[in-house]
Each structure stands twice: as C-alpha cells, then as structure tokens.
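Chemist: Next comes final-v7.cif, mmCIF, C-alpha atoms:
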data_my_file
#
loop_
_atom_site.label_atom_id
_atom_site.label_comp_id
_atom_site.auth_asym_id
_atom_site.auth_seq_id
_atom_site.Cartn_x
_atom_site.Cartn_y
_atom_site.Cartn_z
CA MET A 48 1.75 -13.95 21.20
CA ALA A 49 4.78 -16.05 20.42
CA ASP A 50 8.12 -14.27 20.23
CA THR A 51 9.77 -14.14 16.83
CA VAL A 52 13.56 -14.33 16.84
CA LYS A 53 15.94 -14.15 13.89
CA VAL A 54 19.72 -14.12 13.95
CA ALA A 55 22.31 -13.07 11.39
CA SER A 56 23.51 -16.57 10.83
CA VAL A 57 22.87 -19.59 8.65
CA PRO A 58 23.50 -23.29 9.12
CA ILE A 59 27.27 -23.77 9.30
CA SER A 60 27.28 -26.02 6.24
CA ARG A 61 25.78 -23.20 4.14
CA ARG A 62 27.77 -20.25 5.48
CA ASP A 63 30.29 -20.04 2.65
CA SER A 64 27.77 -20.43 -0.17
CA PHE A 65 25.47 -17.83 1.40
CA ASN A 66 28.17 -15.22 1.86
CA ALA A 67 29.29 -15.76 -1.71
CA ARG A 68 26.02 -14.23 -2.90
CA ASP A 69 26.70 -10.93 -1.14
CA LEU A 70 30.25 -10.04 -0.19
CA ARG A 71 29.31 -6.77 1.48
CA THR A 72 27.01 -7.55 4.40
CA ARG A 73 25.72 -10.45 6.43
CA HIS A 74 22.07 -11.43 6.07
CA LEU A 75 19.49 -12.67 8.51
CA LYS A 76 17.84 -16.01 7.91
CA PRO A 77 14.99 -17.65 9.82
CA PHE A 78 16.79 -19.76 12.37
CA ASP A 79 14.75 -22.92 11.89
CA SER A 80 13.96 -22.90 8.15
CA GLY A 81 15.64 -23.28 4.81
CA ASP A 82 15.41 -20.93 1.85
CA ILE A 83 12.92 -18.07 1.89
CA LYS A 84 9.68 -18.90 0.06
CA VAL A 85 7.73 -16.04 -1.53
CA LEU A 86 4.10 -16.16 -2.71
CA LEU A 87 3.16 -13.36 -5.13
CA LEU A 88 -0.45 -12.86 -6.21
CA GLU A 89 -2.49 -10.54 -8.47
CA ASN A 90 0.15 -10.00 -11.15
CA VAL A 91 2.62 -8.18 -8.89
CA SER A 92 5.25 -6.26 -10.87
CA PRO A 93 8.01 -8.38 -12.47
CA LYS A 94 10.44 -5.96 -10.82
CA ALA A 95 9.57 -7.48 -7.45
CA VAL A 96 10.10 -10.98 -8.85
CA GLU A 97 13.51 -9.88 -10.10
CA ILE A 98 14.45 -8.46 -6.68
CA PHE A 99 13.36 -11.58 -4.80
CA LYS A 100 15.08 -13.99 -7.16
CA LYS A 101 18.27 -11.93 -7.02
CA ALA A 102 18.11 -12.28 -3.23
CA GLY A 103 18.03 -16.05 -3.68
CA TYR A 104 14.41 -16.55 -2.65
CA GLN A 105 12.03 -19.14 -4.08
CA VAL A 106 9.19 -17.32 -5.86
CA ASP A 107 5.71 -18.75 -6.49
CA TYR A 108 4.03 -16.27 -8.89
CA HIS A 109 0.31 -16.05 -9.72
CA SER A 110 -1.35 -13.54 -12.04
CA LYS A 111 -4.68 -13.61 -10.17
CA ALA A 112 -5.97 -13.64 -6.61
CA LEU A 113 -6.59 -17.01 -4.99
CA GLY A 114 -9.79 -18.22 -3.39
CA LYS A 115 -9.80 -18.42 0.40
CA GLU A 116 -9.22 -22.14 0.66
CA ALA A 117 -6.42 -22.13 -1.90
CA LEU A 118 -4.85 -19.11 -0.21
CA ILE A 119 -4.94 -20.80 3.20
CA GLU A 120 -3.23 -23.87 1.78
CA LYS A 121 -0.54 -21.82 0.00
CA ILE A 122 0.18 -19.50 2.91
CA LYS A 123 1.03 -22.31 5.33
CA ASP A 124 4.53 -22.78 3.96
CA VAL A 125 5.73 -19.33 2.88
CA HIS A 126 7.77 -16.61 4.55
CA VAL A 127 6.68 -13.70 2.32
CA VAL A 128 3.31 -12.89 0.71
CA GLY A 129 2.91 -10.16 -1.91
CA ILE A 130 -0.58 -8.96 -2.85
CA ARG A 131 -2.42 -6.02 -4.35
CA SER A 132 -5.96 -4.92 -3.48
CA LYS A 133 -8.15 -7.99 -4.09
CA THR A 134 -6.58 -10.56 -1.75
CA LYS A 135 -8.00 -10.42 1.77
CA LEU A 136 -5.52 -11.44 4.47
CA THR A 137 -7.92 -11.79 7.37
CA GLU A 138 -7.26 -13.19 10.83
CA GLU A 139 -8.68 -16.50 9.64
CA VAL A 140 -6.24 -16.70 6.74
CA LEU A 141 -3.23 -15.43 8.68
CA SER A 142 -3.85 -17.89 11.52
CA HIS A 143 -2.63 -20.64 9.15
CA ALA A 144 0.59 -18.77 8.24
CA SER A 145 2.96 -20.38 10.73
CA LYS A 146 6.15 -19.32 8.89
CA LEU A 147 5.09 -15.92 7.57
CA LEU A 148 7.52 -13.08 8.32
CA THR A 149 6.25 -10.23 6.19
CA ILE A 150 3.46 -9.10 3.84
CA GLY A 151 3.97 -6.75 0.92
CA CYS A 152 0.97 -4.74 -0.28
CA PHE A 153 2.04 -3.70 -3.78
CA CYS A 154 -0.41 -0.79 -3.75
CA ILE A 155 -1.34 2.23 -1.64
CA GLY A 156 -3.95 0.77 0.72
CA THR A 157 -3.55 -1.86 3.42
CA ASN A 158 -7.19 -2.27 4.49
CA GLN A 159 -7.18 -5.72 2.85
CA VAL A 160 -4.86 -6.93 5.64
CA ASP A 161 -5.73 -7.37 9.32
CA LEU A 162 -2.79 -5.21 10.43
CA GLY A 163 -3.31 -5.65 14.16
CA TYR A 164 -3.50 -9.41 14.01
CA ALA A 165 -0.51 -9.54 11.67
CA ALA A 166 1.56 -7.50 14.13
CA SER A 167 0.49 -9.73 17.00
CA ARG A 168 1.89 -12.68 15.05
CA GLY A 169 5.18 -10.90 14.38
CA ILE A 170 4.29 -10.31 10.70
CA CYS A 171 5.57 -6.99 9.36
CA VAL A 172 3.50 -5.29 6.62
CA PHE A 173 4.88 -2.95 3.94
CA ASN A 174 3.11 -0.95 1.24
CA SER A 175 3.87 1.72 -1.33
CA PRO A 176 1.83 4.80 -0.44
CA PHE A 177 3.37 7.25 -2.90
CA SER A 178 4.75 5.43 -5.96
CA ASN A 179 1.61 5.76 -8.10
CA SER A 180 0.78 9.36 -7.17
CA ARG A 181 1.63 10.75 -10.60
CA SER A 182 -0.37 8.07 -12.40
CA VAL A 183 -3.52 8.85 -10.40
CA ALA A 184 -3.07 12.60 -10.79
CA GLU A 185 -2.74 12.28 -14.58
CA LEU A 186 -5.87 10.10 -14.77
CA VAL A 187 -7.87 12.74 -12.88
CA ILE A 188 -6.65 15.48 -15.23
CA ALA A 189 -7.75 13.36 -18.19
CA GLU A 190 -11.15 12.78 -16.58
CA ILE A 191 -11.65 16.49 -15.94
CA ILE A 192 -11.19 17.18 -19.66
CA LEU A 193 -13.32 14.22 -20.72
CA LEU A 194 -16.17 15.25 -18.44
CA SER A 195 -16.09 18.91 -19.43
CA ARG A 196 -16.43 17.92 -23.10
CA GLN A 197 -18.85 14.97 -22.52
CA LEU A 198 -16.42 12.78 -24.44
CA GLY A 199 -17.54 9.57 -22.77
CA ASP A 200 -21.07 9.97 -24.05
CA ARG A 201 -19.95 11.11 -27.51
CA SER A 202 -17.62 8.12 -27.87
CA ARG A 203 -20.34 5.66 -26.79
CA GLU A 204 -22.77 7.24 -29.28
CA MET A 205 -20.27 6.97 -32.13
CA HIS A 206 -19.62 3.31 -31.35
CA SER A 207 -23.38 2.82 -31.56
CA GLY A 208 -23.45 4.50 -34.97
CA VAL A 209 -24.91 7.82 -33.75
CA TRP A 210 -23.46 11.14 -34.95
CA ASN A 211 -24.23 13.80 -32.34
CA LYS A 212 -22.17 16.95 -32.86
CA VAL A 213 -23.03 19.38 -30.04
CA SER A 214 -21.35 22.17 -28.08
CA LYS A 215 -24.02 22.84 -25.47
CA ASN A 216 -22.73 22.29 -21.92
CA CYS A 217 -19.22 21.54 -23.22
CA TYR A 218 -16.52 23.72 -21.69
CA GLU A 219 -12.83 24.45 -21.53
CA ILE A 220 -11.26 23.74 -18.16
CA ARG A 221 -9.19 26.95 -18.21
CA GLY A 222 -10.47 29.35 -15.56
CA LYS A 223 -12.54 26.71 -13.79
CA THR A 224 -12.07 25.85 -10.11
CA LEU A 225 -10.83 22.43 -9.01
CA GLY A 226 -11.59 21.45 -5.42
CA ILE A 227 -9.28 18.80 -3.97
CA VAL A 228 -10.38 16.92 -0.86
CA GLY A 229 -7.27 15.37 0.68
CA TYR A 230 -4.14 17.38 -0.09
CA GLY A 231 -1.55 14.63 0.20
CA HIS A 232 0.91 13.28 -2.36
CA ILE A 233 -1.73 12.75 -5.05
CA GLY A 234 -3.68 15.89 -4.23
CA THR A 235 -0.63 18.15 -4.40
CA GLN A 236 0.53 16.69 -7.73
CA LEU A 237 -2.97 17.05 -9.10
CA GLY A 238 -3.04 20.68 -8.02
CA VAL A 239 0.22 21.46 -9.79
CA LEU A 240 -0.99 19.84 -13.03
CA ALA A 241 -4.35 21.61 -12.85
CA GLU A 242 -2.76 25.03 -12.31
CA SER A 243 -0.47 24.47 -15.28
CA MET A 244 -3.63 24.11 -17.39
CA GLY A 245 -5.10 27.37 -16.14
CA MET A 246 -7.38 26.09 -13.37
CA HIS A 247 -7.86 27.66 -9.97
CA VAL A 248 -7.21 25.17 -7.13
CA ILE A 249 -8.73 25.09 -3.66
CA TRP A 250 -8.29 22.22 -1.25
CA TYR A 251 -9.28 20.89 2.14
CA ASP A 252 -7.35 18.56 4.43
CA ILE A 253 -7.75 17.72 8.12
CA LEU A 254 -3.99 18.20 8.60
CA PRO A 255 -2.15 21.51 8.28
CA VAL A 256 -0.35 21.39 4.93
CA MET A 257 1.78 23.93 3.09
CA PRO A 258 0.04 25.09 -0.12
CA ILE A 259 1.88 24.47 -3.38
CA GLY A 260 1.77 26.97 -6.23
CA SER A 261 -1.16 29.37 -6.11
CA SER A 262 -3.57 26.92 -4.51
CA THR A 263 -5.73 28.03 -1.59
CA ALA A 264 -6.72 26.11 1.52
CA ALA A 265 -10.44 26.01 2.30
CA ASP A 266 -11.78 26.23 5.83
CA SER A 267 -14.10 23.24 5.45
CA LEU A 268 -15.24 20.45 3.16
CA GLU A 269 -18.49 22.36 2.67
CA GLN A 270 -16.58 25.36 1.32
CA VAL A 271 -14.85 23.20 -1.30
CA LEU A 272 -18.11 21.56 -2.35
CA ALA A 273 -19.91 24.90 -2.71
CA SER A 274 -17.08 26.66 -4.58
CA ALA A 275 -15.62 24.14 -7.02
CA ASP A 276 -16.62 23.30 -10.56
CA PHE A 277 -14.82 19.96 -10.21
CA VAL A 278 -14.40 18.12 -6.90
CA SER A 279 -11.75 15.38 -6.73
CA LEU A 280 -11.50 13.07 -3.70
CA HIS A 281 -8.15 11.79 -2.41
CA VAL A 282 -8.72 10.55 1.13
CA PRO A 283 -7.98 7.20 2.83
CA GLU A 284 -10.62 4.72 3.91
CA THR A 285 -11.38 5.37 7.58
CA PRO A 286 -14.53 5.35 9.70
CA GLU A 287 -14.59 9.14 9.30
CA THR A 288 -14.47 9.04 5.50
CA ARG A 289 -17.08 6.30 5.02
CA ASN A 290 -19.95 7.86 3.01
CA MET A 291 -18.26 11.23 3.48
CA ILE A 292 -20.00 12.33 0.28
CA GLY A 293 -23.70 11.56 0.57
CA ALA A 294 -26.96 13.18 -0.49
CA ARG A 295 -26.38 16.21 1.77
CA GLU A 296 -22.89 16.87 0.43
CA LEU A 297 -23.91 16.36 -3.19
CA ALA A 298 -26.71 18.89 -2.71
CA LEU A 299 -24.12 21.40 -1.52
CA MET A 300 -22.22 21.14 -4.80
CA LYS A 301 -22.83 23.70 -7.53
CA ASP A 302 -25.45 22.96 -10.17
CA GLY A 303 -23.64 21.60 -13.21
CA SER A 304 -20.49 20.63 -11.31
CA TYR A 305 -18.59 17.35 -11.49
CA LEU A 306 -17.42 14.77 -8.93
CA ILE A 307 -14.35 12.56 -9.32
CA ASN A 308 -13.53 9.71 -6.94
CA ALA A 309 -10.19 7.94 -7.33
CA SER A 310 -9.65 7.33 -3.62
CA ARG A 311 -11.73 4.59 -1.96
CA GLY A 312 -15.09 3.15 -2.94
CA THR A 313 -16.66 3.62 0.48
CA VAL A 314 -16.10 7.38 0.47
CA VAL A 315 -19.12 8.12 -1.77
CA ASP A 316 -22.73 7.02 -1.37
CA ILE A 317 -23.14 5.49 -4.83
CA ASP A 318 -26.95 5.53 -4.80
CA ALA A 319 -27.00 9.21 -3.86
CA LEU A 320 -24.48 9.99 -6.61
CA ALA A 321 -26.56 8.15 -9.20
CA ALA A 322 -29.64 10.10 -8.14
CA SER A 323 -27.79 13.40 -8.40
CA LEU A 324 -26.53 12.55 -11.89
CA ASN A 325 -29.91 11.38 -13.18
CA SER A 326 -31.63 14.48 -11.79
CA GLY A 327 -29.19 16.73 -13.66
CA HIS A 328 -27.88 18.45 -10.52
CA LEU A 329 -24.40 17.14 -11.29
CA ALA A 330 -23.22 17.49 -14.89
CA GLY A 331 -21.07 14.39 -14.67
CA ALA A 332 -18.86 12.14 -12.59
CA ALA A 333 -15.81 9.93 -12.91
CA VAL A 334 -15.50 6.92 -10.58
CA ASP A 335 -12.55 4.53 -10.40
CA VAL A 336 -13.30 2.79 -7.07
CA TYR A 337 -16.40 1.05 -5.72
CA PRO A 338 -17.73 -0.24 -2.38
CA THR A 339 -17.43 -3.80 -3.67
CA GLU A 340 -15.26 -4.79 -6.61
CA PRO A 341 -15.03 -8.03 -8.64
CA LEU A 342 -12.18 -10.39 -7.74
CA ALA A 343 -11.34 -11.09 -11.37
CA ASN A 344 -11.60 -9.47 -14.78
CA GLY A 345 -14.61 -10.30 -16.93
CA PRO A 346 -18.36 -9.67 -17.09
CA GLY A 347 -20.58 -9.24 -14.05
CA PHE A 348 -19.88 -5.70 -12.84
CA GLU A 349 -23.03 -4.09 -11.45
CA SER A 350 -23.47 -0.55 -10.17
CA PRO A 351 -26.25 2.07 -9.93
CA LEU A 352 -23.87 4.33 -11.86
CA ARG A 353 -24.06 2.28 -15.04
CA ASN A 354 -25.69 4.30 -17.84
CA CYS A 355 -25.83 7.51 -15.80
CA PRO A 356 -25.34 10.56 -18.08
CA ASN A 357 -21.79 11.80 -18.66
CA THR A 358 -20.38 9.29 -16.19
CA LEU A 359 -16.96 7.73 -16.64
CA LEU A 360 -16.53 4.35 -14.94
CA THR A 361 -13.09 2.78 -14.80
CA PRO A 362 -12.05 -0.51 -13.11
CA HIS A 363 -9.77 0.75 -10.31
CA ILE A 364 -6.93 1.64 -12.68
CA GLY A 365 -5.81 4.93 -11.16
CA GLY A 366 -2.35 3.58 -10.37
CA SER A 367 -2.26 1.00 -13.13
CA THR A 368 0.54 2.27 -15.33
CA GLU A 369 3.77 0.52 -16.23
CA GLU A 370 5.76 3.27 -14.51
CA ALA A 371 3.76 3.07 -11.27
CA GLN A 372 3.89 -0.71 -11.08
CA LEU A 373 7.64 -0.67 -11.70
CA MET A 374 8.19 1.80 -8.85
CA ILE A 375 5.83 -0.06 -6.52
CA GLY A 376 7.56 -3.36 -7.26
CA ALA A 377 10.95 -1.83 -6.54
CA GLU A 378 9.87 -0.02 -3.35
CA VAL A 379 7.99 -2.87 -1.68
CA GLY A 380 10.35 -5.57 -2.95
CA THR A 381 13.37 -3.73 -1.59
CA ALA A 382 11.71 -3.07 1.78
CA ILE A 383 10.83 -6.75 2.16
CA THR A 384 14.31 -8.01 1.29
CA LYS A 385 15.85 -5.55 3.77
CA PHE A 386 13.50 -6.78 6.49
CA VAL A 387 14.16 -10.45 5.79
CA ASN A 388 17.91 -10.04 5.28
CA SER A 389 18.76 -7.49 7.97
CA GLY A 390 15.67 -6.93 10.11
CA ALA A 391 15.14 -3.32 8.96
CA SER A 392 11.50 -2.29 9.46
CA ILE A 393 11.77 1.20 7.94
CA ASN A 394 8.47 2.25 6.29
CA ALA A 395 6.56 -0.62 7.91
CA VAL A 396 2.83 -0.05 8.32
CA ASN A 397 2.14 -2.03 11.51
CA PHE A 398 5.60 -2.20 13.15
CA ALA A 399 7.76 0.40 14.81
CA GLU A 400 10.43 1.55 12.35
CA CYS A 401 13.85 0.25 13.45
CA ASP A 402 17.18 -0.30 11.74
CA LEU A 403 20.84 -0.94 12.58
CA ARG A 404 23.84 -0.56 10.34
CA ALA A 405 24.64 -3.79 8.51
CA ILE A 406 27.09 -6.37 9.78
CA PRO A 407 30.11 -6.69 7.44
CA SER A 408 30.31 -10.05 5.69
CA THR A 409 33.83 -10.53 7.05
CA ASP A 410 32.57 -10.37 10.64
CA LEU A 411 31.76 -13.99 11.51
CA THR A 412 31.57 -13.46 15.26
CA THR A 413 28.65 -11.02 15.34
CA VAL A 414 25.05 -12.19 15.15
CA ARG A 415 21.89 -10.12 14.95
CA ILE A 416 18.92 -10.90 17.14
CA VAL A 417 15.48 -9.69 16.08
CA ASN A 418 12.63 -10.05 18.54
CA VAL A 419 8.94 -9.18 18.30
CA HIS A 420 7.10 -9.11 21.61
CA GLN A 421 4.13 -7.69 23.45
CA ASN A 422 4.63 -4.12 24.57
CA VAL A 423 4.38 -4.84 28.30
CA PRO A 424 6.72 -4.06 31.21
CA GLY A 425 9.58 -6.43 31.86
CA VAL A 426 10.25 -7.89 28.42
CA LEU A 427 13.35 -5.81 27.71
CA ARG A 428 14.70 -6.74 31.13
CA GLN A 429 14.28 -10.42 30.24
CA ILE A 430 15.98 -9.95 26.88
CA ASN A 431 18.89 -8.02 28.34
CA ASN A 432 19.32 -10.61 31.09
CA ILE A 433 19.77 -13.21 28.36
CA LEU A 434 22.33 -11.03 26.60
CA ALA A 435 24.14 -9.96 29.78
CA ASN A 436 26.99 -12.43 29.28
CA TYR A 437 27.68 -11.29 25.72
CA ASN A 438 29.23 -8.19 24.20
CA VAL A 439 26.29 -6.21 22.82
CA ASN A 440 27.68 -4.09 20.00
CA LYS A 441 24.50 -2.13 19.34
CA GLN A 442 20.78 -2.43 19.92
CA ILE A 443 17.51 -0.62 19.32
CA SER A 444 13.94 -1.07 20.52
CA ASP A 445 10.69 0.70 19.72
CA SER A 446 6.99 -0.02 19.95
CA LYS A 447 3.81 0.65 18.01
CA GLY A 448 0.62 0.00 19.89
CA ASP A 449 0.64 -3.38 21.60
CA VAL A 450 3.66 -4.70 19.70
CA ALA A 451 7.33 -3.91 20.29
CA TYR A 452 10.31 -4.58 18.04
CA PHE A 453 13.86 -5.21 19.26
CA MET A 454 17.16 -5.58 17.38
CA ALA A 455 20.62 -6.24 18.80
CA ASP A 456 24.03 -7.23 17.42
CA VAL A 457 26.08 -9.36 19.83
CA THR A 458 29.47 -11.06 19.65
CA VAL A 459 29.61 -14.83 20.08
CA ASN A 460 32.78 -16.90 20.40
CA ASP A 461 31.23 -20.25 19.53
CA PRO A 462 28.47 -20.92 16.96
CA LYS A 463 26.78 -23.14 19.55
CA GLU A 464 26.03 -20.01 21.56
CA ILE A 465 23.60 -18.96 18.82
CA SER A 466 21.39 -21.91 19.66
CA THR A 467 21.64 -21.09 23.36
CA ILE A 468 20.51 -17.49 22.77
CA TYR A 469 17.70 -18.61 20.48
CA GLU A 470 16.37 -21.18 22.95
CA GLN A 471 16.44 -18.68 25.80
#
Go through the file and emit its structure as structure tokens.

Modeler:
Amino acid sequence: MADTVKVASVPISRRDSFNARDLRTRHLKPFDSGDIKVLLLENVSPKAVEIFKKAGYQVDYHSKALGKEALIEKIKDVHVVGIRSKTKLTEEVLSHASKLLTIGCFCIGTNQVDLGYAASRGICVFNSPFSNSRSVAELVIAEIILLSRQLGDRSREMHSGVWNKVSKNCYEIRGKTLGIVGYGHIGTQLGVLAESMGMHVIWYDILPVMPIGSSTAADSLEQVLASADFVSLHVPETPETRNMIGARELALMKDGSYLINASRGTVVDIDALAASLNSGHLAGAAVDVYPTEPLANGPGFESPLRNCPNTLLTPHIGGSTEEAQLMIGAEVGTAITKFVNSGASINAVNFAECDLRAIPSTDLTTVRIVNVHQNVPGVLRQINNILANYNVNKQISDSKGDVAYFMADVTVNDPKEISTIYEQ
C-alpha cells in the first residue's frame, strides 16, 4: 500500500489567494495536484454542492448513477466521490482512482463500497448514519396505519373503479403491540412515536440499550415475533442478518399480524414472505427495500410481492424527504471538507478517527503532515526519524484494522523543507 501524505501548504504562487478564502485557519491541499475535483452522483443533496463550491472545489454533478465503464473513466481524475445507494465502488472501480482521497456515502449504508480496499488505498469513507432517522420512523408509522385499515388495497380498487366499503379486519392501532427489531436511532424514534399513538412497544437488540418511554426489551427475536401485532425491522446488513426473517420466523408470528421492512433487502426471505401473505397467515406487509433494486427509475421492477394482498411496496424511499436529504448533505459534505482541508477523520467509517486543532491562517511556518500507512511495527519510528530535526508542535496516531492514520504539525523555516519531508 502506498503511503498518502498531505501537508498544510499550497504552491507558493497560490498562497495568498488561497488564504484569502478563509482567514481563520490554514487548509490542507494534495501536495502534487491542483484544485480539488468532486464527482457527485445519484442526485446528491444540493446542500452538499453548496458546501463543496463554497470550499472552492470543482464539482461535477450527475442526477443518476453511472455505468461501470463511465464511472471508471470519471473516477480517474477526481479527489472526492459522493454517492448514494446505487453506485457500487468495488475494488475494480477503485483501482482506477489514483487521486481519490475520500468517498461520501450520502445515505446510511456503506455496503456499496469496498471499505477495506478503500482504506488500503488511503481513501477515507464517510456516511450519515442518523440524519434520516425521523423520516424512516414516520414512514413506518404511516405504514402501520395504512396496513391496519387495508388502505393500499382500497385505494387500488378505487383507482380501478371498484367501490368496496368494508370494515372487516380493519383495526385501530391504539392498544396494539409494535415489535421493533433493532433498537437504534430509528427504532427508538419509532418507539416514541408509536407510544404517543397508544401502542405498546417491545423491542429486541443484540446490544444492551436503555429503554425509552414505556417500551420493554424482549429476551429474544422469537419473543418479539410471537408477541407483536406489527413487527418492524431496523437492522444493518451483515452475514448474521441475511435472511434473518425466513419461513421459520414468519411462522412464529401471530396469525393476522403484519411485517414491515425498512432496513435492508437481504434481511427478509422475499419468497417466504410472499407465501405467508398469500396463505393469509400474515394480514399484510410493507416493504421498502429489496435484495436487488433497479439502478434507475422507470418500469421493470419485479418481485414475488407484487399483487400480494394488503402489501405496500415502496421504492426505497424511507429516508427520501427534503429534510433528511438536507441534513445528510450537510453532515457528509462538512465531514469531507474537514478531511480534505484539515485531515480530520472524525466519524469516518473505515479510518481511525483522528483530529488536531486547526493551524491559524497567520501561522505560515507550520505545516501539517497526514500519513496513511499499514498498521505494522516500525512505521511510526520511520516517520518520527524523518521529523526528528523539526519542531513537532503536536501529533496523533491511531489505527483501525490493518490501516493506521497519522497527523503531525511541524515547524519549517524554509518552504523547500516541505518538499524534503514529502519526498522522505
């Protein structure tokens, strides 16, 4: 793995114009490149575009995902890539990204990025795990009400010209039990909203979590499935959660209960769910995520769940609100600019989280060195031997897995010394 080094300096001819953009602190720049180039795909929030342009970056904005060949060609010359859930940044794609410093996933998940390979190339990945929590929780509340009143079926019938006024198997949600699997940021918000509407809340999580409100922790997933009228899934995609809800688990659920999945498409066995719905064991389901999803809007979506009774299908829109996208754009955009400008890796997914206080813009003798290296014995000794002849004002180092991250601020008396440090 090649070392990645950045210093808080710019070409001498550009020093004055660069500092004029921010009079408070010095910024890092890639030592051997010009202006930062940003590639944004999949209609990333305009807030992120605003942040990057304000930082002086060049922004190439696309409303859709790119095909693999087009993506490989585009990624060769950029320092920042911003994506959502459809773009796949595999080892093959990232191997062509010779200048790439950081990736922003403007969404919750990061499974669309080869995190290990990115780290090995010195590419820091950021995401926004919590910004759309409220949006997802509100969608689930809406789906609980829609399912309990069979409103999806009634609406479809009316659009087809059929008047079907019924009350059989239509219920209020007050007094019903909501089972939440995965009691994290979304699960806790969902629980609060559900209790405010008169529901009882039980939940299960593999981590010890403090209950909020009057909710009750279950001892097992099986207990939630057997007890709840509505089961809502909010777990990450891991080997342990793949097909976590299959035929066995669906059979454990109460007759006439409902399943909601707004987490990851691989969590539920779709064929088993369709069978349970068509048999009448489940009274309904709401699904927002799927094992495979189309890369672009338009016709062509296929699923065994199509035309199942009282089944709400939505196109992965749990976090797709204006408010959520604004917060995601601000959170990820800010994290990326801090990493590029000052080396801060706080809230990184695949890097150790490191930060140093900023260098004042008036301090022209201090440079910041940022180094990504393999987490093996002897590297810090080599780095500190290089810096031994300089005044090291402050430094920090941490590791995550096989990759370590190092930052140091040193005083130089001659700008030529920057090149000497970089070459060494």

Chemist: Please check which residues have atoms at most 9 Å from (16.5, 0.1, 8.6) in the file's coordinates, counting all atoms listed in the file, and write them as a PyMOL selection string.

Modeler: chain A and resi 382+385-386+389-394+400-404

Chemist: How would the residues just chosen look if you wrote them out with C-alpha atoms as an mmCIF file, in the coordinates of the input?

Modeler:
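Printed below is again_5.cif as written:
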data_model
loop_
_atom_site.group_PDB
_atom_site.id
_atom_site.type_symbol
_atom_site.label_atom_id
_atom_site.label_comp_id
_atom_site.auth_asym_id
_atom_site.auth_seq_id
_atom_site.Cartn_x
_atom_site.Cartn_y
_atom_site.Cartn_z
ATOM 1 C CA ALA A 382 11.710 -3.070 1.780
ATOM 2 C CA LYS A 385 15.850 -5.550 3.770
ATOM 3 C CA PHE A 386 13.500 -6.780 6.490
ATOM 4 C CA SER A 389 18.760 -7.490 7.970
ATOM 5 C CA GLY A 390 15.670 -6.930 10.110
ATOM 6 C CA ALA A 391 15.140 -3.320 8.960
ATOM 7 C CA SER A 392 11.500 -2.290 9.460
ATOM 8 C CA ILE A 393 11.770 1.200 7.940
ATOM 9 C CA ASN A 394 8.470 2.250 6.290
ATOM 10 C CA GLU A 400 10.430 1.550 12.350
ATOM 11 C CA CYS A 401 13.850 0.250 13.450
ATOM 12 C CA ASP A 402 17.180 -0.300 11.740
ATOM 13 C CA LEU A 403 20.840 -0.940 12.580
ATOM 14 C CA ARG A 404 23.840 -0.560 10.340
#

Chemist: Need to verify the contact set: His109 in chain A, 9 Å, all atoms listed in the file, exclusion of same-chain residues closer than 2 positions in sequence. Can you return it as a list of chain:residue names?

Modeler: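 Once the adjacent positions are removed, what remains is A:Leu86, A:Leu87, A:Leu88, A:Glu89, A:Asn90, A:Val91, A:Asp107, A:Lys111, A:Ala112, A:Leu113.
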
Chemist: With the PyMOL selection byres ((chain A and resi 360) around 8) as the selection, what would be picked from this file? Answer as an mmCIF file with C-alpha atoms, in the coordinates of the input, please.

Modeler:
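Here's the written file selection35.cif:
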data_model
loop_
_atom_site.group_PDB
_atom_site.id
_atom_site.type_symbol
_atom_site.label_atom_id
_atom_site.label_comp_id
_atom_site.auth_asym_id
_atom_site.auth_seq_id
_atom_site.Cartn_x
_atom_site.Cartn_y
_atom_site.Cartn_z
ATOM 1 C CA ALA A 333 -15.810 9.930 -12.910
ATOM 2 C CA VAL A 334 -15.500 6.920 -10.580
ATOM 3 C CA ASP A 335 -12.550 4.530 -10.400
ATOM 4 C CA LEU A 352 -23.870 4.330 -11.860
ATOM 5 C CA ARG A 353 -24.060 2.280 -15.040
ATOM 6 C CA THR A 358 -20.380 9.290 -16.190
ATOM 7 C CA LEU A 359 -16.960 7.730 -16.640
ATOM 8 C CA THR A 361 -13.090 2.780 -14.800
ATOM 9 C CA PRO A 362 -12.050 -0.510 -13.110
#

Chemist: Around (-17.1, 10.7, -0.5) in the file's frame, which residues reach within 7 Å when counting all atoms listed in the file? Return as an MDAnalysis selection string?

Modeler: chainID A and resid 280 288 290:293 314:316

Chemist: If you apply the PyMOL selection byres ((chain A and resi 449) around 12) to this file, what residues do you get, as a count of residues only?

Modeler: 25

Chemist: In Å, how far is it from CA of Arg289 in chain A to CA of Glu269 in chain A?

Modeler: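 CA of Arg289 in chain A sits 16.3 Å away from CA of Glu269 in chain A.
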
Chemist: Will you model N, CA, C and O atoms for range 402-411 of chain A and pass it back as a compact mmCIF listing (two decimals), in the frame of the given file?

Modeler:
# COMPACT_ATOMS: atom_id res chain seq x y z
N ASP A 402 16.11 0.16 12.63
CA ASP A 402 17.18 -0.30 11.74
C ASP A 402 18.52 -0.16 12.47
O ASP A 402 18.67 0.67 13.37
N LEU A 403 19.46 -1.02 12.11
CA LEU A 403 20.84 -0.94 12.58
C LEU A 403 21.75 -1.05 11.38
O LEU A 403 21.39 -1.69 10.38
N ARG A 404 22.92 -0.45 11.46
CA ARG A 404 23.84 -0.56 10.34
C ARG A 404 24.19 -2.04 10.12
O ARG A 404 24.23 -2.84 11.05
N ALA A 405 24.45 -2.38 8.88
CA ALA A 405 24.64 -3.79 8.51
C ALA A 405 25.91 -4.36 9.11
O ALA A 405 26.88 -3.65 9.38
N ILE A 406 25.91 -5.67 9.31
CA ILE A 406 27.09 -6.37 9.78
C ILE A 406 27.96 -6.72 8.58
O ILE A 406 27.48 -7.34 7.63
N PRO A 407 29.24 -6.35 8.57
CA PRO A 407 30.11 -6.69 7.44
C PRO A 407 30.18 -8.21 7.24
O PRO A 407 30.15 -8.98 8.20
N SER A 408 30.27 -8.62 5.99
CA SER A 408 30.31 -10.05 5.69
C SER A 408 31.55 -10.72 6.25
O SER A 408 31.58 -11.94 6.45
N THR A 409 32.59 -9.95 6.50
CA THR A 409 33.83 -10.53 7.05
C THR A 409 33.74 -10.77 8.54
O THR A 409 34.61 -11.44 9.11
N ASP A 410 32.73 -10.22 9.19
CA ASP A 410 32.57 -10.37 10.64
C ASP A 410 31.76 -11.63 10.92
O ASP A 410 30.54 -11.63 10.85
N LEU A 411 32.44 -12.72 11.27
CA LEU A 411 31.76 -13.99 11.51
C LEU A 411 31.48 -14.24 12.98
O LEU A 411 30.95 -15.29 13.35
